[in-house]
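Reproduced below: query-v2.tsv, with TSV, C-alpha atoms.
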```tsv
chain	number	residue	atom	x	y	z
A	292	MET	CA	138.48	105.81	99.25
A	293	PRO	CA	138.46	102.00	98.80
A	294	LEU	CA	135.58	100.22	100.59
A	295	THR	CA	138.19	97.98	102.21
A	296	GLU	CA	139.02	100.97	104.46
A	297	VAL	CA	135.45	101.08	105.80
A	298	PRO	CA	134.84	98.96	108.93
A	299	GLY	CA	131.71	96.84	108.41
A	300	THR	CA	129.21	96.48	111.25
A	301	ALA	CA	126.78	94.04	109.62
A	302	ARG	CA	126.96	90.27	109.98
A	303	GLY	CA	130.23	88.85	108.69
A	304	GLY	CA	131.81	92.30	108.58
A	305	ARG	CA	129.65	93.48	105.70
A	306	VAL	CA	129.67	97.19	104.95
A	307	THR	CA	126.36	99.05	105.08
A	308	VAL	CA	125.41	102.50	103.75
A	309	ASP	CA	125.47	103.81	107.34
A	310	ASP	CA	129.01	102.44	107.73
A	311	VAL	CA	130.14	104.38	104.66
A	312	LYS	CA	128.47	107.59	105.88
A	313	SER	CA	129.97	107.22	109.35
A	314	HIS	CA	133.45	106.62	107.90
A	315	ILE	CA	133.14	109.68	105.63
A	316	ARG	CA	132.06	111.84	108.59
A	317	LYS	CA	135.08	110.71	110.56
A	318	ARG	CA	137.41	111.30	107.61
A	319	MET	CA	136.02	114.81	107.04
A	320	ALA	CA	136.47	115.63	110.74
A	321	GLN	CA	140.10	114.49	110.82
A	322	PRO	CA	142.89	117.05	110.45
A	323	ALA	CA	145.13	116.91	107.39
A	324	GLY	CA	147.74	114.20	107.47
A	325	THR	CA	145.46	111.60	109.10
A	326	GLY	CA	143.06	109.23	107.43
A	327	GLY	CA	144.65	105.81	107.28
A	328	GLY	CA	146.54	106.21	104.02
A	329	GLY	CA	143.74	107.85	102.05
A	330	ILE	CA	144.03	111.16	100.27
A	331	THR	CA	143.36	114.07	102.62
A	332	ALA	CA	143.17	117.77	101.99
A	333	PRO	CA	146.15	119.84	103.15
A	334	PRO	CA	145.50	122.58	105.71
A	335	MET	CA	144.13	125.87	104.41
A	336	PRO	CA	146.62	128.73	104.09
A	337	ASP	CA	146.06	131.96	106.00
A	338	PHE	CA	144.12	133.84	103.31
A	339	SER	CA	143.98	136.98	105.46
A	340	LYS	CA	147.66	137.54	104.70
A	341	TYR	CA	146.69	138.45	101.14
A	342	GLY	CA	143.59	140.57	101.71
A	343	PRO	CA	140.28	140.95	103.58
A	344	ILE	CA	138.24	137.78	104.15
A	345	GLU	CA	134.96	136.76	105.75
A	346	LYS	CA	134.28	133.40	107.40
A	347	LYS	CA	130.84	131.79	107.48
A	348	PRO	CA	130.10	128.57	109.36
A	349	LEU	CA	128.54	125.74	107.37
A	350	SER	CA	124.85	125.12	107.96
A	351	ASN	CA	123.71	121.63	108.91
A	352	LEU	CA	122.16	121.27	105.45
A	353	ARG	CA	125.39	122.31	103.72
A	354	LYS	CA	127.33	119.82	105.89
A	355	LYS	CA	124.92	117.06	104.86
A	356	ILE	CA	125.21	118.02	101.17
A	357	ALA	CA	129.02	117.93	101.43
A	358	GLU	CA	128.91	114.55	103.15
A	359	ASN	CA	126.64	112.95	100.54
A	360	LEU	CA	128.62	114.36	97.61
A	361	THR	CA	131.89	113.15	99.15
A	362	ILE	CA	130.45	109.65	99.48
A	363	ALA	CA	129.27	109.65	95.86
A	364	ALA	CA	132.59	110.99	94.55
A	365	ASN	CA	134.64	108.45	96.51
A	366	VAL	CA	132.47	105.35	96.03
A	367	ILE	CA	131.05	105.61	92.49
A	368	PRO	CA	133.09	105.36	89.26
A	369	ALA	CA	130.84	107.73	87.33
A	370	VAL	CA	130.53	108.44	83.60
A	371	THR	CA	128.49	111.25	82.01
A	372	GLN	CA	126.75	110.81	78.66
A	373	HIS	CA	125.54	113.90	76.74
A	374	ASP	CA	122.86	114.17	74.06
A	375	LEU	CA	120.42	116.64	72.48
A	376	ALA	CA	116.64	116.25	72.36
A	377	ASP	CA	114.42	118.04	69.85
A	378	ILE	CA	111.65	119.41	72.09
A	379	THR	CA	110.09	121.75	69.51
A	380	ASP	CA	106.75	119.95	69.40
A	381	LEU	CA	106.80	119.02	73.08
A	382	GLU	CA	107.37	122.63	74.16
A	383	ALA	CA	104.60	123.87	71.87
A	384	GLY	CA	102.21	121.32	73.39
A	385	ARG	CA	103.34	122.18	76.91
A	386	LYS	CA	102.58	125.86	76.33
A	387	ARG	CA	99.11	125.04	74.94
A	388	ILE	CA	98.32	122.88	77.97
A	389	THR	CA	99.53	125.57	80.37
A	390	GLU	CA	97.54	128.31	78.66
A	391	ASN	CA	94.33	126.26	78.86
A	392	LEU	CA	94.64	125.34	82.51
A	393	PRO	CA	92.38	127.13	85.03
A	394	LYS	CA	93.96	130.17	86.65
A	395	GLY	CA	96.14	129.21	89.60
A	396	SER	CA	96.69	125.63	88.43
A	397	PRO	CA	100.18	124.16	88.82
A	398	LYS	CA	102.24	124.63	85.66
A	399	VAL	CA	103.20	121.67	83.52
A	400	THR	CA	106.95	122.28	83.43
A	401	MET	CA	109.66	120.52	81.45
A	402	THR	CA	110.68	118.83	84.70
A	403	VAL	CA	107.20	117.31	84.98
A	404	LEU	CA	107.42	115.98	81.42
A	405	ALA	CA	110.94	114.73	82.12
A	406	ILE	CA	109.55	112.62	84.97
A	407	LYS	CA	107.20	110.93	82.48
A	408	ALA	CA	110.03	110.32	80.01
A	409	VAL	CA	112.40	109.00	82.68
A	410	VAL	CA	109.84	106.56	84.09
A	411	ALA	CA	109.18	105.16	80.60
A	412	ALA	CA	112.94	104.73	80.02
A	413	LEU	CA	113.47	103.14	83.45
A	414	LYS	CA	110.87	100.49	82.65
A	415	GLU	CA	112.89	99.54	79.56
A	416	PHE	CA	116.25	99.72	81.36
A	417	PRO	CA	115.50	98.47	84.91
A	418	HIS	CA	119.14	98.47	86.08
A	419	PHE	CA	119.06	102.30	85.91
A	420	ASN	CA	116.42	102.05	88.67
A	421	GLY	CA	118.65	99.86	90.81
A	422	ALA	CA	121.42	99.96	93.39
A	423	PHE	CA	124.86	98.34	93.55
A	424	ASP	CA	125.30	96.36	96.77
A	425	LEU	CA	129.02	95.66	96.81
A	426	ALA	CA	128.96	94.20	100.32
A	427	ASN	CA	126.58	91.42	99.26
A	428	ASN	CA	127.70	91.20	95.61
A	429	GLU	CA	124.18	91.99	94.44
A	430	ILE	CA	122.36	94.34	92.12
A	431	VAL	CA	119.10	95.51	93.69
A	432	LEU	CA	116.43	96.17	91.06
A	433	LYS	CA	113.68	98.34	92.52
A	434	GLN	CA	110.20	97.69	91.20
A	435	TYR	CA	108.88	101.12	92.17
A	436	TYR	CA	109.58	104.50	90.63
A	437	HIS	CA	110.29	107.24	93.17
A	438	ILE	CA	111.80	110.17	91.26
A	439	GLY	CA	113.89	112.78	93.09
A	440	ILE	CA	113.69	116.39	91.92
A	441	ALA	CA	116.65	118.63	92.78
A	442	VAL	CA	115.44	121.99	94.08
A	443	ASP	CA	117.69	125.03	94.43
A	444	THR	CA	116.96	126.89	97.68
A	445	GLU	CA	118.61	129.70	99.63
A	446	ARG	CA	119.75	127.12	102.19
A	447	GLY	CA	121.23	124.75	99.61
A	448	LEU	CA	120.25	121.98	97.23
A	449	VAL	CA	117.55	119.58	98.43
A	450	VAL	CA	115.93	116.63	96.64
A	451	PRO	CA	112.28	115.93	97.46
A	452	VAL	CA	110.96	112.63	96.08
A	453	ILE	CA	107.89	112.06	93.90
A	454	ARG	CA	106.68	108.62	94.98
A	455	ASP	CA	105.09	106.14	92.56
A	456	ALA	CA	105.57	108.55	89.67
A	457	ASP	CA	104.51	105.83	87.22
A	458	LYS	CA	101.00	105.83	88.67
A	459	LYS	CA	100.38	109.59	88.41
A	460	SER	CA	98.99	111.74	85.61
A	461	ILE	CA	100.79	114.80	84.27
A	462	ARG	CA	98.45	117.05	86.26
A	463	ASP	CA	99.07	115.03	89.43
A	464	LEU	CA	102.82	115.28	88.90
A	465	ALA	CA	102.61	119.03	88.21
A	466	SER	CA	100.72	119.56	91.46
A	467	GLU	CA	103.09	117.43	93.52
A	468	VAL	CA	106.24	118.97	92.01
A	469	ALA	CA	104.92	122.48	92.73
A	470	THR	CA	103.93	121.56	96.31
A	471	LEU	CA	107.25	119.91	97.16
A	472	ALA	CA	109.29	122.71	95.54
A	473	GLU	CA	107.40	125.30	97.60
A	474	LYS	CA	107.97	123.31	100.78
A	475	ALA	CA	111.65	122.93	99.89
A	476	ARG	CA	112.15	126.67	99.42
A	477	GLY	CA	110.30	127.33	102.66
A	478	GLY	CA	112.46	124.87	104.58
A	479	LYS	CA	109.43	122.73	105.42
A	480	LEU	CA	110.36	119.41	103.82
A	481	THR	CA	110.35	116.40	106.14
A	482	ILE	CA	113.16	113.85	106.13
A	483	ASP	CA	110.79	111.20	104.76
A	484	GLU	CA	109.96	113.44	101.80
A	485	MET	CA	113.63	113.32	100.78
A	486	ARG	CA	114.19	109.58	101.22
A	487	GLY	CA	113.61	106.51	99.08
A	488	GLY	CA	114.37	107.96	95.64
A	489	THR	CA	115.33	105.58	92.82
A	490	PHE	CA	116.47	108.13	90.21
A	491	THR	CA	117.04	111.91	90.30
A	492	ILE	CA	116.40	114.71	87.81
A	493	THR	CA	118.14	118.09	88.08
A	494	ASN	CA	117.03	120.88	85.75
A	495	LEU	CA	119.30	123.92	85.27
A	496	GLY	CA	117.51	125.06	82.12
A	497	GLY	CA	115.98	128.06	83.85
A	498	ILE	CA	119.44	129.33	84.79
A	499	GLY	CA	121.63	128.57	81.78
A	500	GLY	CA	124.48	126.44	80.56
A	501	THR	CA	124.91	124.05	77.66
A	502	ALA	CA	125.89	120.87	79.56
A	503	PHE	CA	127.17	119.68	82.93
A	504	ALA	CA	128.05	116.48	84.79
A	505	PRO	CA	125.61	115.99	87.69
A	506	ILE	CA	126.78	113.90	90.65
A	507	ILE	CA	124.78	110.75	91.39
A	508	ASN	CA	122.53	110.87	94.44
A	509	TYR	CA	124.01	107.86	96.29
A	510	PRO	CA	122.88	105.05	96.64
A	511	GLU	CA	121.08	105.59	93.32
A	512	VAL	CA	123.00	104.64	90.17
A	513	ALA	CA	122.03	107.40	87.73
A	514	ILE	CA	120.94	111.03	87.50
A	515	LEU	CA	119.63	113.10	84.58
A	516	GLY	CA	120.61	116.74	84.11
A	517	LEU	CA	118.69	119.13	81.85
A	518	SER	CA	120.27	122.31	80.51
A	519	ARG	CA	118.84	125.37	78.77
A	520	SER	CA	117.19	124.63	75.42
A	521	ALA	CA	118.12	126.75	72.39
A	522	LEU	CA	117.10	127.12	68.77
A	523	GLN	CA	119.55	125.32	66.48
A	524	PRO	CA	119.60	124.64	62.74
A	525	VAL	CA	118.67	121.00	62.08
A	526	TYR	CA	118.75	119.31	58.68
A	527	LYS	CA	115.26	117.94	58.14
A	528	ASP	CA	113.29	117.15	54.95
A	529	ASN	CA	116.20	118.22	52.74
A	530	GLN	CA	116.60	121.63	54.38
A	531	PHE	CA	117.88	123.30	57.52
A	532	VAL	CA	115.08	124.33	59.88
A	533	PRO	CA	115.17	125.94	63.34
A	534	ARG	CA	114.44	123.41	66.08
A	535	LEU	CA	114.39	123.83	69.84
A	536	MET	CA	117.08	121.52	71.20
A	537	MET	CA	117.50	120.61	74.87
A	538	PRO	CA	120.83	119.24	76.18
A	539	LEU	CA	120.64	116.07	78.29
A	540	SER	CA	123.42	114.97	80.64
A	541	LEU	CA	123.14	111.48	82.11
A	542	THR	CA	125.62	110.46	84.81
A	543	TYR	CA	125.66	106.77	85.72
A	544	ASP	CA	127.49	104.26	87.88
A	545	HIS	CA	129.84	102.39	85.54
A	546	ARG	CA	129.94	99.36	87.87
A	547	ILE	CA	126.35	98.48	86.98
A	548	ILE	CA	125.78	100.39	83.71
A	549	ASP	CA	127.95	99.99	80.62
A	550	GLY	CA	128.62	102.86	78.24
A	551	ALA	CA	126.51	101.31	75.47
A	552	ASP	CA	123.49	101.16	77.78
A	553	GLY	CA	124.13	104.75	78.86
A	554	ALA	CA	123.91	105.77	75.20
A	555	ARG	CA	120.81	103.63	74.68
A	556	PHE	CA	119.12	105.25	77.67
A	557	THR	CA	119.75	108.81	76.47
A	558	THR	CA	118.73	107.82	72.92
A	559	ARG	CA	115.43	106.54	74.30
A	560	LEU	CA	114.92	109.77	76.20
A	561	VAL	CA	115.62	111.76	73.03
A	562	GLN	CA	112.95	109.74	71.21
A	563	LEU	CA	110.40	110.35	73.96
A	564	PHE	CA	111.12	114.08	74.23
A	565	SER	CA	110.96	114.45	70.45
A	566	ASP	CA	107.54	112.77	70.10
A	567	PRO	CA	104.87	114.05	72.53
A	568	ILE	CA	102.35	111.40	71.48
A	569	ARG	CA	104.84	108.60	72.15
A	570	LEU	CA	105.72	110.16	75.50
A	571	LEU	CA	102.06	110.22	76.59
A	572	MET	CA	101.31	106.71	75.32
A	573	GLU	CA	104.38	104.93	76.65
A	574	SER	CA	104.71	106.52	80.06
```
Would it be possible to restate this file's structure as C-alpha cells?
Amino acid sequence: MPLTEVPGTARGGRVTVDDVKSHIRKRMAQPAGTGGGGITAPPMPDFSKYGPIEKKPLSNLRKKIAENLTIAANVIPAVTQHDLADITDLEAGRKRITENLPKGSPKVTMTVLAIKAVVAALKEFPHFNGAFDLANNEIVLKQYYHIGIAVDTERGLVVPVIRDADKKSIRDLASEVATLAEKARGGKLTIDEMRGGTFTITNLGGIGGTAFAPIINYPEVAILGLSRSALQPVYKDNQFVPRLMMPLSLTYDHRIIDGADGARFTTRLVQLFSDPIRLLMES
C-alpha cells in the first residue's frame, strides 16, 4: 500500500500514524474487489463443502494485532539479519546469579540480559532507536530507551514496555519484566503500559526454532528475535569445543538502516552476549 493512497489530515495534507491506521481499518473492512487499486484478498471459498468446520469470531485484541501487523507489512521495507551468539559464559553466570537469589525473587532471564545488550547497542547505533517520518521527511532519533517485550498470552501477543531501561539494574529489570509479563497473561495491562516503545525484543527460545523473521512493531524501526540456544562445536584454541550458541534475528526498516549497519548491530550484540563482563560494564 503506497502512502500516496492514504488521505492526510495534518496541516498541508501530511499523513499521520493515525491516518495510516484509519486507512488500514477501512481497507480491511472493505469487501474483496474494492480498495482503490490496491491488492485485496479474494473472498473465502465455502470450506464446509469439503468437510466439517468451526468458525470463531476475532477478539478485539486479535483484531488490533492484525491491524498493526498489516500496517507494518504494507509500510515498512523490512530486512532480517541472522547471527549466532556464544552465550556459554553468560548462561553459566546467569544460572549462578539465579541460584543465589533469595527464594521468590524474580528470575534473571535471557530476555532481561538481552535488554541490557540491546540498550548498549542502541547507544552506539542511535538510528535503531528512531522512527522514519516520511510525511515530514525526517528521521526522529529518540533519546530515551523504552524496550518492548513481546509476551505470548492465551488472548494473543501483547508487548508491554520497560521504560528507561538504560537507568535500571539487572534486578530492577528482572522484577519489572516478571511483573509486566504476569499482568499481560492476566489481561491486566493498561494501554499506557503498551505504548511508547522504541525497540522490541521477542524471545521464542523457550518454545523452539532455529531462526525466524520477526515483524517490526510499527512505528519502531527494528526488532530483535531470540531463538532456542543449542550446543554446537566451535573451533577455539586449535580445537573444537562445545559452546552454547543462541540464534539472533534482527529485522530492520531498510529505509533508515542499511544492510551494513544491520550486520554491525548484530555483531555488536554477539560481542556483548559473548562477554558477560563487557555486557555489565557497557550497558
With only C-alpha atoms as the counted atoms, please give the residues lying no more than 12 Å from stretch 478-483 of chain A, apart from itself and same-chain residues fewer than 5 positions off, as a PyMOL selection string. chain A and resi 352+442-454+470-473+488
Go ahead and dump the residues you just picked, C-alpha atoms, as a PDB file, keeping the file's coordinate frame.
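The file below, again_15.pdb, is the result:
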```
ATOM      1  CA  LEU A 352     122.160 121.270 105.450  1.00  0.00           C
ATOM      2  CA  VAL A 442     115.440 121.990  94.080  1.00  0.00           C
ATOM      3  CA  ASP A 443     117.690 125.030  94.430  1.00  0.00           C
ATOM      4  CA  THR A 444     116.960 126.890  97.680  1.00  0.00           C
ATOM      5  CA  GLU A 445     118.610 129.700  99.630  1.00  0.00           C
ATOM      6  CA  ARG A 446     119.750 127.120 102.190  1.00  0.00           C
ATOM      7  CA  GLY A 447     121.230 124.750  99.610  1.00  0.00           C
ATOM      8  CA  LEU A 448     120.250 121.980  97.230  1.00  0.00           C
ATOM      9  CA  VAL A 449     117.550 119.580  98.430  1.00  0.00           C
ATOM     10  CA  VAL A 450     115.930 116.630  96.640  1.00  0.00           C
ATOM     11  CA  PRO A 451     112.280 115.930  97.460  1.00  0.00           C
ATOM     12  CA  VAL A 452     110.960 112.630  96.080  1.00  0.00           C
ATOM     13  CA  ILE A 453     107.890 112.060  93.900  1.00  0.00           C
ATOM     14  CA  ARG A 454     106.680 108.620  94.980  1.00  0.00           C
ATOM     15  CA  THR A 470     103.930 121.560  96.310  1.00  0.00           C
ATOM     16  CA  LEU A 471     107.250 119.910  97.160  1.00  0.00           C
ATOM     17  CA  ALA A 472     109.290 122.710  95.540  1.00  0.00           C
ATOM     18  CA  GLU A 473     107.400 125.300  97.600  1.00  0.00           C
ATOM     19  CA  GLY A 488     114.370 107.960  95.640  1.00  0.00           C
TER      20      GLY A 488
END
```
Computed interatomic separation between atom CA of A:Thr557 and atom CA of A:His373 (Å): 7.7 Å
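Atom CA of A:Leu517 lies 17.5 Å from atom CA of A:Ala369.
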Using 8 Å as the limit and counting all atoms listed in the file, can you tabulate each residue of stretch 403-425 of chain A that touches stretch 537-548 of chain A, with its shortest atom-to-atom distance in Å and the two atoms involved, as a Markdown table?
```
| residue | atom | partner | partner_atom | distance |
| --- | --- | --- | --- | --- |
| A:His418 | CA | A:Ile547 | CA | 7.3 |
| A:Phe419 | CA | A:Ile548 | CA | 7.3 |
| A:Phe423 | CA | A:Ile547 | CA | 6.7 |
```
Counting only C-alpha atoms, write as a VMD selection string all protein and nucleic acid residues lying at most 12 Å from (126.4, 121.1, 76.4) in the file's frame. chain A and resid 371 to 376 495 to 496 499 to 504 516 to 521 536 to 541
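Proximity to A:Thr361 was assessed for A:Gln523, A:Thr402, A:Thr491, A:Ser313 counting all atoms listed in the file; the smallest distance is recorded for A:Ser313.
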Name all residues at most 10 Å from A:Pro417 (count all atoms listed in the file; drop same-chain ones fewer than 2 positions away) and give them as an MDAnalysis selection string. chainID A and resid 410 412:415 419:421 431:434
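Atom pair atom CA of A:Ala456 / atom CA of A:His437: separated by 6.0 Å.
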Which of these, A:Gln530, A:Tyr435, A:Val409, A:Thr493, has the shortest distance to A:Phe556 once you count all atoms listed in the file? A:Val409
Just want the 8 Å neighbourhood of stretch 561-573 of chain A, counted on all atoms listed in the file, with same-chain residues fewer than 3 positions away dropped. Output as a PyMOL selection string. chain A and resi 374-381+384+405+407-408+411+557-558
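When only C-alpha atoms are used to compute distances to A:Ile388, the closest of the residues A:Ile356, A:Ile506, A:Ala465, A:Ile430 turns out to be A:Ala465.
In this comparison, which uses only C-alpha atoms, the residue of A:Asp463, A:Asp309, A:Asp457, A:Asp424 approaching A:Val399 most closely is A:Asp463.
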Long-range neighbours of A:Ala357 as a list of chain:residue names, 12 Å cut-off, only C-alpha atoms, 2 positions minimum in chain: A:Lys312, A:Ile315, A:Arg316, A:Met319, A:Leu349, A:Ser350, A:Asn351, A:Leu352, A:Arg353, A:Lys354, A:Lys355, A:Asn359, A:Leu360, A:Thr361, A:Ile362, A:Ala363, A:Ala364, A:Gly447, A:Leu448, A:Val449, A:Ile506, A:Asn508
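Proximity ranking of A:Ala332, A:Asn391, A:Phe416, A:Gly497 relative to A:Leu560 places A:Phe416 first, based on all atoms listed in the file.
Remark: for A:Val308, the closest of the candidate residues A:Pro505, A:Pro510, A:Pro524, A:Pro533 is A:Pro510 (distances computed over only C-alpha atoms).
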Please rebuild stretch 329-362 of chain A with N, CA and C atoms and give the result as a compact mmCIF listing (two decimals), in the frame of the given file.
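Once written, selection_3.txt looks like this:
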```txt
# COMPACT_ATOMS: atom_id res chain seq x y z
N GLY A 329 144.53 107.28 103.13
CA GLY A 329 143.74 107.85 102.05
C GLY A 329 144.20 109.26 101.72
N ILE A 330 143.67 109.80 100.66
CA ILE A 330 144.03 111.16 100.27
C ILE A 330 143.28 112.15 101.15
N THR A 331 143.99 113.06 101.78
CA THR A 331 143.36 114.07 102.62
C THR A 331 143.76 115.45 102.14
N ALA A 332 142.89 116.40 102.41
CA ALA A 332 143.17 117.77 101.99
C ALA A 332 144.23 118.40 102.89
N PRO A 333 145.16 119.14 102.33
CA PRO A 333 146.15 119.84 103.15
C PRO A 333 145.47 120.98 103.91
N PRO A 334 146.11 121.48 104.95
CA PRO A 334 145.50 122.58 105.71
C PRO A 334 145.39 123.83 104.85
N MET A 335 144.35 124.62 105.13
CA MET A 335 144.13 125.87 104.41
C MET A 335 145.23 126.89 104.76
N PRO A 336 145.68 127.66 103.77
CA PRO A 336 146.62 128.73 104.09
C PRO A 336 145.89 129.87 104.81
N ASP A 337 146.65 130.78 105.36
CA ASP A 337 146.06 131.96 106.00
C ASP A 337 145.75 132.99 104.92
N PHE A 338 144.50 132.95 104.41
CA PHE A 338 144.12 133.84 103.31
C PHE A 338 144.15 135.31 103.71
N SER A 339 144.01 135.58 105.01
CA SER A 339 143.98 136.98 105.46
C SER A 339 145.32 137.69 105.23
N LYS A 340 146.36 136.92 104.99
CA LYS A 340 147.66 137.54 104.70
C LYS A 340 147.65 138.27 103.35
N TYR A 341 146.70 137.91 102.49
CA TYR A 341 146.69 138.45 101.14
C TYR A 341 145.58 139.48 100.91
N GLY A 342 144.68 139.61 101.87
CA GLY A 342 143.59 140.57 101.71
C GLY A 342 142.45 140.28 102.67
N PRO A 343 141.41 141.13 102.66
CA PRO A 343 140.28 140.95 103.58
C PRO A 343 139.52 139.66 103.27
N ILE A 344 139.03 138.99 104.31
CA ILE A 344 138.24 137.78 104.15
C ILE A 344 137.04 137.82 105.09
N GLU A 345 136.10 136.94 104.86
CA GLU A 345 134.96 136.76 105.75
C GLU A 345 134.74 135.26 105.91
N LYS A 346 134.52 134.82 107.13
CA LYS A 346 134.28 133.40 107.40
C LYS A 346 132.82 133.18 107.79
N LYS A 347 132.22 132.15 107.17
CA LYS A 347 130.84 131.79 107.48
C LYS A 347 130.77 130.32 107.85
N PRO A 348 130.20 129.99 108.98
CA PRO A 348 130.10 128.57 109.36
C PRO A 348 129.13 127.84 108.43
N LEU A 349 129.42 126.55 108.20
CA LEU A 349 128.54 125.74 107.37
C LEU A 349 127.24 125.44 108.11
N SER A 350 126.13 125.52 107.39
CA SER A 350 124.85 125.12 107.96
C SER A 350 124.79 123.61 108.04
N ASN A 351 123.85 123.08 108.83
CA ASN A 351 123.71 121.63 108.91
C ASN A 351 123.36 121.04 107.55
N LEU A 352 122.53 121.76 106.77
CA LEU A 352 122.16 121.27 105.45
C LEU A 352 123.37 121.21 104.54
N ARG A 353 124.21 122.29 104.58
CA ARG A 353 125.39 122.31 103.72
C ARG A 353 126.37 121.20 104.12
N LYS A 354 126.47 120.92 105.43
CA LYS A 354 127.33 119.82 105.89
C LYS A 354 126.82 118.49 105.33
N LYS A 355 125.50 118.30 105.35
CA LYS A 355 124.92 117.06 104.86
C LYS A 355 125.13 116.92 103.35
N ILE A 356 124.97 118.03 102.62
CA ILE A 356 125.21 118.02 101.17
C ILE A 356 126.66 117.62 100.90
N ALA A 357 127.60 118.24 101.63
CA ALA A 357 129.02 117.93 101.43
C ALA A 357 129.32 116.47 101.73
N GLU A 358 128.70 115.95 102.78
CA GLU A 358 128.91 114.55 103.15
C GLU A 358 128.43 113.61 102.05
N ASN A 359 127.20 113.84 101.55
CA ASN A 359 126.64 112.95 100.54
C ASN A 359 127.42 113.02 99.23
N LEU A 360 127.85 114.22 98.85
CA LEU A 360 128.62 114.36 97.61
C LEU A 360 129.99 113.71 97.74
N THR A 361 130.59 113.78 98.92
CA THR A 361 131.89 113.15 99.15
C THR A 361 131.77 111.64 99.05
N ILE A 362 130.68 111.09 99.59
CA ILE A 362 130.45 109.65 99.48
C ILE A 362 130.33 109.25 98.02
```
